[in-house]
file input.pdb (PDB, C-alpha atoms)
ATOM      1  CA  MET A   1       3.426  10.262 -14.999  1.00  0.00           C
ATOM      2  CA  ALA A   2       6.024  13.037 -15.316  1.00  0.00           C
ATOM      3  CA  SER A   3       5.156  16.144 -17.261  1.00  0.00           C
ATOM      4  CA  ASP A   4       6.422  16.542 -20.798  1.00  0.00           C
ATOM      5  CA  ALA A   5       6.497  20.341 -20.460  1.00  0.00           C
ATOM      6  CA  ARG A   6       9.738  21.988 -21.515  1.00  0.00           C
ATOM      7  CA  LEU A   7      11.945  22.764 -18.538  1.00  0.00           C
ATOM      8  CA  SER A   8      13.903  25.962 -17.931  1.00  0.00           C
ATOM      9  CA  ASP A   9      17.688  26.014 -18.334  1.00  0.00           C
ATOM     10  CA  GLU A  10      17.984  26.255 -14.569  1.00  0.00           C
ATOM     11  CA  ALA A  11      15.752  23.251 -13.947  1.00  0.00           C
ATOM     12  CA  ILE A  12      17.679  21.204 -16.506  1.00  0.00           C
ATOM     13  CA  ALA A  13      21.023  22.112 -14.943  1.00  0.00           C
ATOM     14  CA  ALA A  14      19.700  21.224 -11.511  1.00  0.00           C
ATOM     15  CA  GLY A  15      18.425  17.889 -12.766  1.00  0.00           C
ATOM     16  CA  LEU A  16      21.672  17.039 -14.544  1.00  0.00           C
ATOM     17  CA  ALA A  17      23.646  17.774 -11.391  1.00  0.00           C
ATOM     18  CA  GLY A  18      22.195  14.581  -9.954  1.00  0.00           C
ATOM     19  CA  LEU A  19      22.655  12.430 -13.064  1.00  0.00           C
ATOM     20  CA  GLU A  20      26.163  11.005 -13.262  1.00  0.00           C
ATOM     21  CA  GLY A  21      27.604  11.094 -16.767  1.00  0.00           C
ATOM     22  CA  TRP A  22      24.712  12.915 -18.446  1.00  0.00           C
ATOM     23  CA  SER A  23      25.240  16.231 -20.175  1.00  0.00           C
ATOM     24  CA  ARG A  24      23.153  18.679 -22.109  1.00  0.00           C
ATOM     25  CA  GLU A  25      23.448  18.796 -25.878  1.00  0.00           C
ATOM     26  CA  GLY A  26      21.179  21.569 -27.098  1.00  0.00           C
ATOM     27  CA  ASP A  27      17.567  20.442 -26.790  1.00  0.00           C
ATOM     28  CA  ALA A  28      18.576  16.983 -25.602  1.00  0.00           C
ATOM     29  CA  ILE A  29      20.535  15.240 -22.856  1.00  0.00           C
ATOM     30  CA  ALA A  30      23.017  12.476 -23.624  1.00  0.00           C
ATOM     31  CA  LYS A  31      25.334   9.916 -22.076  1.00  0.00           C
ATOM     32  CA  ALA A  32      27.777   7.382 -23.509  1.00  0.00           C
ATOM     33  CA  TYR A  33      27.688   4.149 -21.515  1.00  0.00           C
ATOM     34  CA  THR A  34      30.630   1.778 -21.908  1.00  0.00           C
ATOM     35  CA  PHE A  35      30.690  -1.939 -21.116  1.00  0.00           C
ATOM     36  CA  PRO A  36      33.296  -4.657 -20.564  1.00  0.00           C
ATOM     37  CA  ALA A  37      31.744  -6.886 -23.266  1.00  0.00           C
ATOM     38  CA  TYR A  38      29.602  -6.359 -26.355  1.00  0.00           C
ATOM     39  CA  MET A  39      26.669  -8.371 -25.029  1.00  0.00           C
ATOM     40  CA  ASP A  40      26.654  -6.329 -21.805  1.00  0.00           C
ATOM     41  CA  GLY A  41      25.753  -3.345 -23.962  1.00  0.00           C
ATOM     42  CA  ILE A  42      22.938  -5.338 -25.562  1.00  0.00           C
ATOM     43  CA  THR A  43      21.627  -6.313 -22.125  1.00  0.00           C
ATOM     44  CA  PHE A  44      21.586  -2.618 -21.263  1.00  0.00           C
ATOM     45  CA  VAL A  45      19.651  -1.851 -24.467  1.00  0.00           C
ATOM     46  CA  ASN A  46      17.014  -4.402 -23.449  1.00  0.00           C
ATOM     47  CA  GLY A  47      16.650  -2.889 -19.993  1.00  0.00           C
ATOM     48  CA  ALA A  48      16.503   0.602 -21.466  1.00  0.00           C
ATOM     49  CA  ALA A  49      13.815  -0.501 -23.921  1.00  0.00           C
ATOM     50  CA  GLU A  50      11.684  -1.892 -21.082  1.00  0.00           C
ATOM     51  CA  ALA A  51      12.080   1.335 -19.126  1.00  0.00           C
ATOM     52  CA  ALA A  52      11.197   3.322 -22.257  1.00  0.00           C
ATOM     53  CA  GLU A  53       8.045   1.308 -22.876  1.00  0.00           C
ATOM     54  CA  ALA A  54       7.002   1.674 -19.230  1.00  0.00           C
ATOM     55  CA  ALA A  55       7.437   5.446 -19.463  1.00  0.00           C
ATOM     56  CA  ASP A  56       6.040   5.642 -23.002  1.00  0.00           C
ATOM     57  CA  HIS A  57       9.101   7.748 -23.764  1.00  0.00           C
ATOM     58  CA  HIS A  58      11.679   6.421 -26.196  1.00  0.00           C
ATOM     59  CA  PRO A  59      15.358   7.338 -26.388  1.00  0.00           C
ATOM     60  CA  ASP A  60      17.661   7.350 -29.366  1.00  0.00           C
ATOM     61  CA  MET A  61      20.350   4.726 -28.760  1.00  0.00           C
ATOM     62  CA  ALA A  62      23.535   4.445 -30.801  1.00  0.00           C
ATOM     63  CA  VAL A  63      24.801   0.907 -30.283  1.00  0.00           C
ATOM     64  CA  GLY A  64      28.466   0.318 -31.036  1.00  0.00           C
ATOM     65  CA  TYR A  65      31.121  -2.084 -29.831  1.00  0.00           C
ATOM     66  CA  LYS A  66      30.980  -2.141 -26.005  1.00  0.00           C
ATOM     67  CA  ARG A  67      29.419   1.314 -26.121  1.00  0.00           C
ATOM     68  CA  VAL A  68      25.828   2.614 -26.139  1.00  0.00           C
ATOM     69  CA  THR A  69      25.195   6.340 -26.445  1.00  0.00           C
ATOM     70  CA  VAL A  70      21.726   7.413 -25.317  1.00  0.00           C
ATOM     71  CA  THR A  71      20.091  10.691 -26.308  1.00  0.00           C
ATOM     72  CA  LEU A  72      16.860  11.888 -24.700  1.00  0.00           C
ATOM     73  CA  SER A  73      14.591  14.712 -25.770  1.00  0.00           C
ATOM     74  CA  THR A  74      10.893  15.476 -25.618  1.00  0.00           C
ATOM     75  CA  HIS A  75      10.022  16.154 -29.242  1.00  0.00           C
ATOM     76  CA  SER A  76       6.398  17.069 -28.464  1.00  0.00           C
ATOM     77  CA  SER A  77       7.575  20.056 -26.426  1.00  0.00           C
ATOM     78  CA  GLY A  78      10.694  20.848 -28.472  1.00  0.00           C
ATOM     79  CA  GLY A  79      13.012  20.565 -25.513  1.00  0.00           C
ATOM     80  CA  ILE A  80      13.970  18.722 -22.355  1.00  0.00           C
ATOM     81  CA  SER A  81      11.243  17.704 -19.888  1.00  0.00           C
ATOM     82  CA  GLN A  82      10.984  15.916 -16.570  1.00  0.00           C
ATOM     83  CA  LYS A  83      10.320  12.745 -18.569  1.00  0.00           C
ATOM     84  CA  ASP A  84      13.869  12.934 -19.929  1.00  0.00           C
ATOM     85  CA  LEU A  85      15.423  13.445 -16.493  1.00  0.00           C
ATOM     86  CA  ASP A  86      13.357  10.595 -15.037  1.00  0.00           C
ATOM     87  CA  LEU A  87      14.290   8.160 -17.800  1.00  0.00           C
ATOM     88  CA  ALA A  88      17.964   9.155 -17.515  1.00  0.00           C
ATOM     89  CA  ALA A  89      17.829   8.298 -13.810  1.00  0.00           C
ATOM     90  CA  ALA A  90      16.208   4.946 -14.609  1.00  0.00           C
ATOM     91  CA  LEU A  91      18.933   4.140 -17.155  1.00  0.00           C
ATOM     92  CA  ASN A  92      21.675   4.994 -14.672  1.00  0.00           C
ATOM     93  CA  GLY A  93      20.073   2.431 -12.411  1.00  0.00           C
ATOM     94  CA  LEU A  94      20.586  -0.238 -15.079  1.00  0.00           C
ATOM     95  CA  ALA A  95      24.219   0.314 -16.027  1.00  0.00           C
TER      96      ALA A  95
ATOM     97  CA  MET B   1      35.116 -17.068 -42.064  1.00  0.00           C
ATOM     98  CA  ALA B   2      34.711 -14.396 -44.734  1.00  0.00           C
ATOM     99  CA  SER B   3      37.666 -12.262 -45.649  1.00  0.00           C
ATOM    100  CA  ASP B   4      37.961  -8.767 -44.242  1.00  0.00           C
ATOM    101  CA  ALA B   5      39.883  -7.546 -47.300  1.00  0.00           C
ATOM    102  CA  ARG B   6      38.580  -4.369 -48.870  1.00  0.00           C
ATOM    103  CA  LEU B   7      36.379  -5.107 -51.890  1.00  0.00           C
ATOM    104  CA  SER B   8      36.432  -3.279 -55.212  1.00  0.00           C
ATOM    105  CA  ASP B   9      33.624  -0.884 -56.144  1.00  0.00           C
ATOM    106  CA  GLU B  10      32.392  -3.447 -58.655  1.00  0.00           C
ATOM    107  CA  ALA B  11      32.312  -6.271 -56.117  1.00  0.00           C
ATOM    108  CA  ILE B  12      30.442  -4.063 -53.636  1.00  0.00           C
ATOM    109  CA  ALA B  13      27.858  -3.052 -56.248  1.00  0.00           C
ATOM    110  CA  ALA B  14      27.383  -6.678 -57.225  1.00  0.00           C
ATOM    111  CA  GLY B  15      26.936  -7.689 -53.603  1.00  0.00           C
ATOM    112  CA  LEU B  16      24.457  -4.904 -52.881  1.00  0.00           C
ATOM    113  CA  ALA B  17      22.362  -5.901 -55.887  1.00  0.00           C
ATOM    114  CA  GLY B  18      21.329  -8.978 -53.911  1.00  0.00           C
ATOM    115  CA  LEU B  19      20.719  -7.201 -50.608  1.00  0.00           C
ATOM    116  CA  GLU B  20      17.256  -5.672 -50.453  1.00  0.00           C
ATOM    117  CA  GLY B  21      17.221  -2.217 -48.877  1.00  0.00           C
ATOM    118  CA  TRP B  22      20.978  -1.866 -48.385  1.00  0.00           C
ATOM    119  CA  SER B  23      22.894   0.941 -49.998  1.00  0.00           C
ATOM    120  CA  ARG B  24      26.452   2.169 -50.057  1.00  0.00           C
ATOM    121  CA  GLU B  25      27.393   5.191 -47.998  1.00  0.00           C
ATOM    122  CA  GLY B  26      31.054   5.909 -48.678  1.00  0.00           C
ATOM    123  CA  ASP B  27      33.170   3.282 -46.930  1.00  0.00           C
ATOM    124  CA  ALA B  28      30.133   1.647 -45.346  1.00  0.00           C
ATOM    125  CA  ILE B  29      26.830   0.011 -46.264  1.00  0.00           C
ATOM    126  CA  ALA B  30      23.606   0.907 -44.474  1.00  0.00           C
ATOM    127  CA  LYS B  31      19.938   0.067 -44.183  1.00  0.00           C
ATOM    128  CA  ALA B  32      17.064   1.528 -42.165  1.00  0.00           C
ATOM    129  CA  TYR B  33      14.765  -1.223 -40.902  1.00  0.00           C
ATOM    130  CA  THR B  34      11.279  -0.201 -39.772  1.00  0.00           C
ATOM    131  CA  PHE B  35       8.966  -2.162 -37.492  1.00  0.00           C
ATOM    132  CA  PRO B  36       5.270  -2.157 -36.552  1.00  0.00           C
ATOM    133  CA  ALA B  37       6.060  -1.830 -32.833  1.00  0.00           C
ATOM    134  CA  TYR B  38       8.947  -0.507 -30.754  1.00  0.00           C
ATOM    135  CA  MET B  39       9.724  -3.859 -29.162  1.00  0.00           C
ATOM    136  CA  ASP B  40       9.900  -5.507 -32.592  1.00  0.00           C
ATOM    137  CA  GLY B  41      12.875  -3.268 -33.280  1.00  0.00           C
ATOM    138  CA  ILE B  42      14.470  -4.366 -30.001  1.00  0.00           C
ATOM    139  CA  THR B  43      13.928  -8.021 -30.907  1.00  0.00           C
ATOM    140  CA  PHE B  44      15.744  -7.308 -34.169  1.00  0.00           C
ATOM    141  CA  VAL B  45      18.623  -5.679 -32.259  1.00  0.00           C
ATOM    142  CA  ASN B  46      18.995  -8.840 -30.173  1.00  0.00           C
ATOM    143  CA  GLY B  47      19.069 -11.052 -33.242  1.00  0.00           C
ATOM    144  CA  ALA B  48      21.530  -8.726 -34.936  1.00  0.00           C
ATOM    145  CA  ALA B  49      23.763  -8.786 -31.857  1.00  0.00           C
ATOM    146  CA  GLU B  50      23.820 -12.588 -31.857  1.00  0.00           C
ATOM    147  CA  ALA B  51      24.711 -12.629 -35.554  1.00  0.00           C
ATOM    148  CA  ALA B  52      27.408 -10.024 -34.912  1.00  0.00           C
ATOM    149  CA  GLU B  53      28.949 -12.046 -32.110  1.00  0.00           C
ATOM    150  CA  ALA B  54      28.874 -15.212 -34.231  1.00  0.00           C
ATOM    151  CA  ALA B  55      30.676 -13.363 -37.044  1.00  0.00           C
ATOM    152  CA  ASP B  56      32.930 -11.422 -34.666  1.00  0.00           C
ATOM    153  CA  HIS B  57      31.926  -8.393 -36.712  1.00  0.00           C
ATOM    154  CA  HIS B  58      29.901  -5.659 -35.041  1.00  0.00           C
ATOM    155  CA  PRO B  59      27.591  -3.161 -36.706  1.00  0.00           C
ATOM    156  CA  ASP B  60      26.686   0.338 -35.655  1.00  0.00           C
ATOM    157  CA  MET B  61      22.965   0.386 -34.840  1.00  0.00           C
ATOM    158  CA  ALA B  62      20.930   3.552 -34.372  1.00  0.00           C
ATOM    159  CA  VAL B  63      17.850   2.533 -32.419  1.00  0.00           C
ATOM    160  CA  GLY B  64      14.896   4.895 -32.615  1.00  0.00           C
ATOM    161  CA  TYR B  65      11.138   4.549 -32.324  1.00  0.00           C
ATOM    162  CA  LYS B  66      10.074   1.582 -34.518  1.00  0.00           C
ATOM    163  CA  ARG B  67      13.241   2.101 -36.551  1.00  0.00           C
ATOM    164  CA  VAL B  68      16.753   0.634 -36.452  1.00  0.00           C
ATOM    165  CA  THR B  69      19.381   1.918 -38.869  1.00  0.00           C
ATOM    166  CA  VAL B  70      22.344  -0.425 -39.304  1.00  0.00           C
ATOM    167  CA  THR B  71      25.719   0.647 -40.679  1.00  0.00           C
ATOM    168  CA  LEU B  72      28.415  -1.879 -41.550  1.00  0.00           C
ATOM    169  CA  SER B  73      32.045  -1.257 -42.357  1.00  0.00           C
ATOM    170  CA  THR B  74      35.314  -3.113 -41.916  1.00  0.00           C
ATOM    171  CA  HIS B  75      37.423  -0.633 -40.011  1.00  0.00           C
ATOM    172  CA  SER B  76      40.523  -2.840 -40.071  1.00  0.00           C
ATOM    173  CA  SER B  77      40.643  -2.600 -43.861  1.00  0.00           C
ATOM    174  CA  GLY B  78      39.255   0.935 -44.167  1.00  0.00           C
ATOM    175  CA  GLY B  79      36.415  -0.125 -46.413  1.00  0.00           C
ATOM    176  CA  ILE B  80      33.713  -2.657 -47.188  1.00  0.00           C
ATOM    177  CA  SER B  81      34.556  -6.366 -47.080  1.00  0.00           C
ATOM    178  CA  GLN B  82      32.795  -9.673 -47.652  1.00  0.00           C
ATOM    179  CA  LYS B  83      32.160  -9.734 -43.885  1.00  0.00           C
ATOM    180  CA  ASP B  84      29.896  -6.697 -44.293  1.00  0.00           C
ATOM    181  CA  LEU B  85      27.948  -8.217 -47.172  1.00  0.00           C
ATOM    182  CA  ASP B  86      27.556 -11.505 -45.292  1.00  0.00           C
ATOM    183  CA  LEU B  87      26.321  -9.841 -42.103  1.00  0.00           C
ATOM    184  CA  ALA B  88      23.904  -7.672 -44.107  1.00  0.00           C
ATOM    185  CA  ALA B  89      22.441 -10.838 -45.630  1.00  0.00           C
ATOM    186  CA  ALA B  90      22.106 -12.391 -42.171  1.00  0.00           C
ATOM    187  CA  LEU B  91      20.296  -9.294 -40.868  1.00  0.00           C
ATOM    188  CA  ASN B  92      17.877  -9.319 -43.793  1.00  0.00           C
ATOM    189  CA  GLY B  93      17.050 -12.848 -42.747  1.00  0.00           C
ATOM    190  CA  LEU B  94      15.982 -11.581 -39.310  1.00  0.00           C
ATOM    191  CA  ALA B  95      13.736  -8.672 -40.254  1.00  0.00           C
TER     192      ALA B  95
END

call {"tool": "encode", "arguments": {"input": "input.pdb", "output": "structure tokens"}}
result
Amino acid sequence: MASDARLSDEAIAAGLAGLEGWSREGDAIAKAYTFPAYMDGITFVNGAAEAAEAADHHPDMAVGYKRVTVTLSTHSSGGISQKDLDLAAALNGLA
Amino acid sequence: MASDARLSDEAIAAGLAGLEGWSREGDAIAKAYTFPAYMDGITFVNGAAEAAEAADHHPDMAVGYKRVTVTLSTHSSGGISQKDLDLAAALNGLA
């Protein structure tokens, strides 16, 4: 399982370079996913929840109309860890 | 289908009196639902999404760990309508 240690700014920037649509927001990373239909967003939420349970790492998801904004942070380390980058990559594989 | 006309303050207060856990937040109504397990919250999101599609009225849902906060407003009328009160009642029936 990926480490939950807080990453350096350089490591975070390097990780984000490979994660389409994700950006840093302070001590978190975030992405707004958009969908052609409302229920497509709900399908994404279900896939994201399964990935979160598998990783034992849970995102904040803001579910709107045809739009789901995901925010990832590692609260136990007060910053962004490899767990966040790994889950972001998994979510990009779903959408 | 319920009207999307903006309700008076009195009508909103009367409606909320019958909706356990819901409160007014400006031009919206909101409730934080909590769950014993993460996936219980996701099950609720799915039920809420089905109710939203049936009503053609879509909430904002903030999905966290064992917690889903729902916010309802009728943007087309710039306030709170009977559609919001009806969907809130439907969601209370799910949780």

call {"tool": "closest_residue", "arguments": {"input": "input.pdb", "among": "A:Ile12, A:Val45, A:Asp4, A:Lys66", "to": "Ala28 in chain A", "atoms": "only C-alpha atoms"}}
result
A:Ile12

call {"tool": "resolve_selection", "arguments": {"input": "input.pdb", "expression": "the ChimeraX specification (/A :<9) & /B", "output": "ChimeraX atom specification"}}
result
/B:38-39,42-43,45-46,49-50,53,58-65

call {"tool": "residues_around", "arguments": {"input": "input.pdb", "residues": "Ile29 in chain B", "least_positions_apart": "4", "cutoff": "9 Å", "atoms": "all atoms listed in the file", "output": "PDB file with C-alpha atoms, in the frame of the given file"}}
result
ATOM      1  CA  LEU B  16      24.457  -4.904 -52.881  1.00  0.00           C
ATOM      2  CA  TRP B  22      20.978  -1.866 -48.385  1.00  0.00           C
ATOM      3  CA  SER B  23      22.894   0.941 -49.998  1.00  0.00           C
ATOM      4  CA  ARG B  24      26.452   2.169 -50.057  1.00  0.00           C
ATOM      5  CA  GLU B  25      27.393   5.191 -47.998  1.00  0.00           C
ATOM      6  CA  VAL B  70      22.344  -0.425 -39.304  1.00  0.00           C
ATOM      7  CA  THR B  71      25.719   0.647 -40.679  1.00  0.00           C
ATOM      8  CA  LEU B  72      28.415  -1.879 -41.550  1.00  0.00           C
ATOM      9  CA  SER B  73      32.045  -1.257 -42.357  1.00  0.00           C
ATOM     10  CA  ILE B  80      33.713  -2.657 -47.188  1.00  0.00           C
ATOM     11  CA  ASP B  84      29.896  -6.697 -44.293  1.00  0.00           C
ATOM     12  CA  LEU B  85      27.948  -8.217 -47.172  1.00  0.00           C
ATOM     13  CA  ALA B  88      23.904  -7.672 -44.107  1.00  0.00           C
TER      14      ALA B  88
END

call {"tool": "atom_distance", "arguments": {"input": "input.pdb", "atom1": "CA of Gly78 in chain A", "atom2": "CA of Ala37 in chain B"}}
result
23.6 Å

call {"tool": "atom_distance", "arguments": {"input": "input.pdb", "atom1": "CA of Ala55 in chain A", "atom2": "CA of Asp86 in chain A"}}
result
9.0 Å

call {"tool": "atom_distance", "arguments": {"input": "input.pdb", "atom1": "CA of Lys83 in chain A", "atom2": "CA of Ala2 in chain A"}}
result
5.4 Å

call {"tool": "closest_residue", "arguments": {"input": "input.pdb", "among": "B:Pro36, B:Ala5, B:Ser77, B:Ala51", "to": "Ala90 in chain B", "atoms": "only C-alpha atoms"}}
result
B:Ala51

call {"tool": "build_atoms", "arguments": {"input": "input.pdb", "residues": "range 9-20 of chain A", "atoms": "all heavy atoms", "output": "CSV table (one decimal), keeping the file's coordinate frame"}}
result
chain,number,residue,atom,x,y,z
A,9,ASP,N,16.3,26.3,-18.4
A,9,ASP,CA,17.7,26.0,-18.3
A,9,ASP,C,18.1,25.7,-16.9
A,9,ASP,O,18.9,24.8,-16.7
A,9,ASP,CB,18.5,27.2,-18.9
A,9,ASP,CG,18.4,27.4,-20.4
A,9,ASP,OD1,17.9,26.4,-21.0
A,9,ASP,OD2,18.8,28.4,-20.9
A,10,GLU,N,17.6,26.4,-16.0
A,10,GLU,CA,18.0,26.3,-14.6
A,10,GLU,C,17.5,24.9,-14.0
A,10,GLU,O,18.2,24.2,-13.3
A,10,GLU,CB,17.4,27.4,-13.7
A,10,GLU,CG,18.0,28.8,-14.0
A,10,GLU,CD,17.5,29.4,-15.3
A,10,GLU,OE1,16.5,28.9,-15.9
A,10,GLU,OE2,18.1,30.4,-15.7
A,11,ALA,N,16.3,24.5,-14.4
A,11,ALA,CA,15.8,23.3,-13.9
A,11,ALA,C,16.5,22.1,-14.6
A,11,ALA,O,16.8,21.1,-13.9
A,11,ALA,CB,14.3,23.1,-14.3
A,12,ILE,N,16.9,22.3,-15.8
A,12,ILE,CA,17.7,21.2,-16.5
A,12,ILE,C,19.0,21.0,-15.8
A,12,ILE,O,19.5,19.9,-15.5
A,12,ILE,CB,17.8,21.5,-18.0
A,12,ILE,CG1,16.5,21.5,-18.7
A,12,ILE,CG2,18.8,20.6,-18.7
A,12,ILE,CD1,16.4,22.2,-20.1
A,13,ALA,N,19.7,22.2,-15.6
A,13,ALA,CA,21.0,22.1,-14.9
A,13,ALA,C,20.9,21.5,-13.6
A,13,ALA,O,21.8,20.7,-13.2
A,13,ALA,CB,21.6,23.5,-14.9
A,14,ALA,N,19.9,21.8,-12.8
A,14,ALA,CA,19.7,21.2,-11.5
A,14,ALA,C,19.5,19.7,-11.6
A,14,ALA,O,20.0,18.9,-10.8
A,14,ALA,CB,18.5,21.9,-10.8
A,15,GLY,N,18.7,19.3,-12.6
A,15,GLY,CA,18.4,17.9,-12.8
A,15,GLY,C,19.7,17.1,-13.2
A,15,GLY,O,20.0,16.0,-12.6
A,16,LEU,N,20.5,17.7,-14.1
A,16,LEU,CA,21.7,17.0,-14.5
A,16,LEU,C,22.7,16.9,-13.4
A,16,LEU,O,23.5,16.0,-13.5
A,16,LEU,CB,22.3,17.8,-15.7
A,16,LEU,CG,21.5,17.7,-17.1
A,16,LEU,CD1,22.1,18.6,-18.1
A,16,LEU,CD2,21.5,16.2,-17.5
A,17,ALA,N,22.7,17.8,-12.5
A,17,ALA,CA,23.6,17.8,-11.4
A,17,ALA,C,23.5,16.5,-10.6
A,17,ALA,O,24.5,16.0,-10.0
A,17,ALA,CB,23.4,19.0,-10.4
A,18,GLY,N,22.4,15.8,-10.7
A,18,GLY,CA,22.2,14.6,-10.0
A,18,GLY,C,22.3,13.4,-10.8
A,18,GLY,O,22.0,12.3,-10.4
A,19,LEU,N,22.6,13.5,-12.1
A,19,LEU,CA,22.7,12.4,-13.1
A,19,LEU,C,24.1,12.2,-13.6
A,19,LEU,O,24.5,12.8,-14.5
A,19,LEU,CB,21.7,12.7,-14.2
A,19,LEU,CG,20.2,12.7,-13.9
A,19,LEU,CD1,19.4,13.3,-15.1
A,19,LEU,CD2,19.8,11.3,-13.6
A,20,GLU,N,24.8,11.3,-12.9
A,20,GLU,CA,26.2,11.0,-13.3
A,20,GLU,C,26.3,10.7,-14.7
A,20,GLU,O,25.7,9.8,-15.3
A,20,GLU,CB,26.7,9.9,-12.4
A,20,GLU,CG,28.2,9.7,-12.4
A,20,GLU,CD,28.6,8.7,-13.5
A,20,GLU,OE1,28.0,7.7,-13.7
A,20,GLU,OE2,29.7,9.0,-14.1
